[in-house]
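Right, one structure below, let's go through it.
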Amino acid sequence: MGSQAQKQAKPIPPLYFDKGKLIYTPDSLNNRIPDFSYCGYKASEQAIPNVPVKVVVPLTKGDATVRIQSALDYVAALPVDANGFRGAVLMQKGMYEVSGQLRITASGVVLRGSGINATTIFGVGTGRLALIKIVGKNTIPRDLSGMKITDACVPVGAMSFHVDSSIAFKDHSNKIIIRRISSANWIRNLGTEHFGGGITALGWKPGDRDLFFDRTITKIEGNTITIDAPITTALDTTYGGGNVYFYNNNGRLNNCGVENIKLTSAFDKANFKDEDHRWNAINIENAEDCWVRQINFENFAGSAVSVLETSKRITVEDCISKNPVSEIGGQRRYTFLTTGQQTLFQRCYAESGYHDFAVGYCAPGPNAFVQCESVLPFSFSGAIDSWASGVLFDVVNVDGNALRYGNSGQDGNGAGWTAANSVFWNCTAARIDCYKPPTAQNWAFGSWSQFSGDGYWNESNNTITPRSLFYQQLKERLNKNVDEQVQILYFPTEASSSPSVEVAQQLTKEASKPRMQLKEWIETAAKRNAINTASYGTTTIDAIAFKKPSTPALAPAFQIKNGWLIRGDELQTGKRTNVQWWVVDCSHLISRMQKFTSPGLYLAAPAKG
């Protein structure tokens with residue numbers, strides 16, 4: 001009797017599914033698993049639209065860079081409709097050679113092919129430029145303090161907090177940056193101020209790992225602010241707390257897309273480690289509410305899609321990347337990469353990559369990967385640099401390597417703890433690492449793999465309900481049926497080594513024909529999500545007078561004067577930005593800055609554009 005009385009009650013899981021609903025159990029500080037469903041185009045509240053075609057680029061021989069860019073510029077000059085769109089540029093069936101870079105620089109512009117196996121843009125020549133860029137202007141400051149958040153702790157998952165002064169909409173925009181301070185006390189607690197060896201060059205420094213949550217205010221009541229997406233790292237005054245400042249986003253693009261096309265890069269076929277060719281296929285920079293969908297990628301050295309830190313609410317879906325060409329190592333083959341926030345990668349497939357599905361340096365989250373597959377990569381997928389918080393890997397399979405939330409220590413230039421408050425849900429891999437960082441947590445539910453780590457584990461070597469955490473969270477948040485959005489490839493199975501006779505007979509029957517794989521499911525996306533390629537009566541770019549773009553004037557050369565790095569008469573300064581290297585692009589020329597011992601002197605590393 002005494003033994004029975006002393007038996008401890010089973011701990012309540014931090015998240016479980018009961019009577020068709022997700023039940024969250026906060027910890028003692030009220031931190032809870034975040035709602036990841038705010039990721040993607042329009043926070044996944046609207047379907048990606050079929051934007052009307054406004055101009056066609058007929059197929060011709062030779063370099064098509066000027067003609068395609070002129071078509072993009074033509075649409076960029078059209079008025080914006082009531083839904084925020086100007087129109088789509090349609091490429092005909094066939095292969096277009098592009099020796100330069102295609103740039104979408106105005107909101108509401110879409111670049112569309114006539115099918116992923118019908119239209120190809122072939123990046124020719126040498127050089128490591130990205131093939132396509134969706135790129136706005138960065139008008140958002142990152143060095144302001146603003147109003148102090150007065151709560152002792154704003155927990156993970158929170159969507160409201162208090163500030164130290166009275167505010168009103170009439171005095172400012174409703175766009176805010178919530179700056180989470182990386183204090184010396186916090187860094188010390190993480191054990192990342194020193195990685196050994198008697199030197200601290202790679203150790204984290206106060207202010208280097210600040211997080212910048214980009215949010216919209218939805219309601220103000222007195223000194224209480226309510227925002228449109230959850231916080232993914234706690235704002236605790238013990239570790240410096242946080243503050244808020246306002247901004248106007250008039251430089252950031254929105255409602256842009258690239259879709260329904262194949263993108264490839266030329267390379268030296270005598271050298272399958274050639275790197276003097278296109279690095280990234282698509283870069284998304286200073287943009288929000290944009291998308292990339294139904295694209296096949298081949299032969300790129302860096303990323304198929306790279307979402308940079310100045311972008312948010314981006315969807316990348318139904319994409320396949322094959323045959324990357326590069327050396328095998330860091331900053332290469334990061335196939336689907338984000339350092340932004342509220343990014344959604346869904347139904348994406350990659351072969352022979354390195355970090356195929358990756359979240360980079362201090363990405364503030366939430367960010368989500370849903371129903372993705374990596375086949376025979378050379379390294380793991382997961383968080384790959386310092387303190388990405390609020391990451392979800394949901395129904396993700398890595399065939400031949402690992403999924404990882406952990407501590408990289410001094411690797412990656414002192415990456416240290418890479419993930420916080422992040423979830424693996426119904427994932428499979430050769431190995432899954434789920435470690436708990438000080439001041440935070442990571443969780444793994446329904447994992448099939450070898451396991452490592454002291455994070456939270458639940459239902460390992462089992463498949464759990466719901467199949468997708470992301471879409472269950474979306475269903476509950478929107479309070480409506482989201483089946484048309486889900487499109488999860490169904491895998492009927494029995495989580496038992498001893499199924500009933502009836503189940504065994506059914507499984508035997510199904511085994512008589514090969515089961516559809518994710519790659520095949522993605523290839524059928526055009527049937528599920530048809531993209532409009534009708535162009536009857538639409539003008540062509542050849543019928544429009546356009547001028548060849550003038551060659552831009554070169555910027556003054558760098559020089560050092562009195563110990564300062566100068567370009568023309570301007571002092572060059574910057575902060576660390578986790579972009580991949582090797583191609584000079586003026587928007588990222590001063591990247592990952594490291595101070596010399598001389599005051600005010602900085603060293604710029606070459607970066608890839």
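Order determines the names: the first chain of the structure tokens is A, the second B, and so forth; residues in each chain are numbered 1 upward, and ligands are numbered 1 upward as they are shown.
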All strand (DSSP E or B) positions in stretch 287-358 of chain A, as an MDAnalysis selection string: chainID A and resid 287:298 305:307 312:322 336:338 341:351 357:358
Quick one: residues within 7 Å of stretch 354-361 of chain A, only C-alpha atoms counted, chain neighbours fewer than 3 positions away excluded, as a tab-separated table (two decimals) with C-alpha atoms, in the first residue's frame?
```tsv
chain	number	residue	atom	x	y	z
A	332	ARG	CA	27.90	25.02	-50.25
A	333	ARG	CA	24.76	23.02	-50.99
A	334	TYR	CA	22.61	24.68	-48.31
A	335	THR	CA	19.72	23.77	-50.57
A	336	PHE	CA	16.69	25.33	-48.85
A	337	LEU	CA	17.98	27.93	-46.40
A	338	THR	CA	16.40	30.64	-44.30
A	339	THR	CA	17.83	33.24	-41.96
A	350	ALA	CA	16.73	17.55	-52.36
A	374	SER	CA	16.66	14.97	-48.17
A	377	PRO	CA	23.12	14.47	-48.13
A	378	PHE	CA	26.69	15.04	-47.02
A	379	SER	CA	25.67	16.59	-43.69
A	380	PHE	CA	22.69	17.11	-41.40
A	381	SER	CA	19.59	19.27	-41.73
A	382	GLY	CA	18.38	21.51	-38.92
A	383	ALA	CA	19.74	24.60	-37.20
A	384	ILE	CA	23.25	25.26	-38.51
A	385	ASP	CA	24.40	28.45	-36.79
A	386	SER	CA	23.82	30.33	-33.55
A	387	TRP	CA	20.47	30.35	-31.73
A	388	ALA	CA	17.73	29.88	-34.31
A	578	ASN	CA	25.32	35.05	-42.31
```
Selection: 9 Å around stretch 526-529 of chain A, only C-alpha atoms, excl. self and same-chain fewer than 6 positions, as an MDAnalysis selection string: chainID A and resid 115:116 260 294 487
Atomic separation - atom CA of A:Arg278 relative to atom CA of A:Gly251, Å: 26.8 Å
Counting only C-alpha atoms, the residue of A:Ile488, A:Val307, A:Ser460, A:Asp228 that sits nearest A:Val396: A:Ile488
Selection: 7 Å around A:Ala158, only C-alpha atoms, excl. self and same-chain fewer than 2 positions, as a list of chain:residue names: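 Once the nearby chain positions are removed, what remains is A:Val154, A:Pro155, A:Val156, A:Ser160, A:Pro230, A:Ile231.
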Polymer residues at most 8 Å from stretch 24-35 of chain A, only C-alpha atoms, same-chain spacing of 4 or more positions, as a VMD selection string: chain A and resid 12 to 16 153 155 to 157 230 to 232 234 366 390 421 to 422 470 473
